[in-house]
Amino acid sequence: MFTIMLWVFFQTLNTQEPRWKLESSLIGTNPGMGFRPHPPGENVESTLIWYNGSNSENFQYWIDALNSFLEVYRKPGLTPGRGQNIYNCDYDRPPSRGQVCDVDVKNWHPCTKENSFNYHKSGPCIFLKLNKILPFLVEFLVLNHWNLSRVRQELDVFEKFDERMNK
């Protein structure tokens, strides 16, 4: 009986897009952003990534976590649909509906498996992960003169801070 109920439930699911969208969904209209690698299970409440860069055993967990996260990009057969919807995109050739761009993770130097994601140089790579919101409609922000001058002031402050930090 349970198997039949489960089968009926799965027949109601749409594999292309979620049933609840935008305001009706749990995350609403705000895209969520996460990061990888996640901390170990025993430290799951923390968002801190800490390690000793001179001890490879100390940062191996972070490398393994990133390898696991990026495995689906290295082996397209692991993606939903076994990678049949992967398309070689370019800025001039976007994917058509239902397709996704092929991503070559080997081009992300220094953030590559071969380079231990730069953890050995105390410059760890961290990947940001955005949740997809369907149907996402871009709302353009129109800056008036006042806003634009304020943005310029804030950029000046940031540039001065950046100059001091890079001395």
# chains A, B, ... in the order shown; residues from 1 in each chain; ligands from 1
call {"tool": "residues_around", "arguments": {"residues": "A:Tyr87", "least_positions_apart": "3", "cutoff": "9 Å", "atoms": "only C-alpha atoms", "output": "JSON, numbers by chain"}}
result
{"A": [84, 94, 95, 96, 99, 100, 101, 102]}
call {"tool": "select_by_dssp", "arguments": {"residues": "stretch 2-146 of chain A", "states": "alpha helix (DSSP H)", "output": "PyMOL selection string"}}
result
chain A and resi 2-11+56-74+145-146
call {"tool": "closest_residue", "arguments": {"among": "A:Leu48, A:Asp92, A:Phe117, A:Lys75", "to": "A:Asp104", "atoms": "only C-alpha atoms"}}
result
A:Lys75
call {"tool": "closest_residue", "arguments": {"among": "A:Asn52, A:Thr47, A:Ile86, A:Leu6", "to": "A:Val72", "atoms": "only C-alpha atoms"}}
result
A:Ile86
call {"tool": "residues_around", "arguments": {"residues": "A:Val103", "least_positions_apart": "2", "cutoff": "9 Å", "atoms": "only C-alpha atoms", "output": "short mmCIF file (atom, residue, chain, number, x, y, z; two decimals) with N, CA and C atoms, in the first residue's frame"}}
result
data_model
loop_
_atom_site.label_atom_id
_atom_site.label_comp_id
_atom_site.auth_asym_id
_atom_site.auth_seq_id
_atom_site.Cartn_x
_atom_site.Cartn_y
_atom_site.Cartn_z
N TYR A 73 30.02 18.35 -11.99
CA TYR A 73 30.51 19.13 -13.12
C TYR A 73 31.60 18.37 -13.88
N ARG A 74 32.30 17.48 -13.20
CA ARG A 74 33.35 16.70 -13.84
C ARG A 74 32.80 15.50 -14.60
N ASN A 88 27.29 23.42 -25.11
CA ASN A 88 28.51 24.23 -25.10
C ASN A 88 28.14 25.68 -25.40
N CYS A 89 27.99 26.45 -24.35
CA CYS A 89 27.54 27.84 -24.46
C CYS A 89 28.72 28.79 -24.64
N CYS A 101 24.45 25.33 -19.57
CA CYS A 101 25.79 25.49 -20.13
C CYS A 101 26.76 24.49 -19.51
N VAL A 105 35.43 22.94 -15.07
CA VAL A 105 36.01 23.35 -13.78
C VAL A 105 37.53 23.38 -13.83
N LYS A 106 38.14 22.82 -14.84
CA LYS A 106 39.60 22.85 -14.95
C LYS A 106 40.12 24.24 -15.30
N ASN A 107 39.23 25.13 -15.74
CA ASN A 107 39.63 26.49 -16.10
C ASN A 107 39.56 27.46 -14.93
#
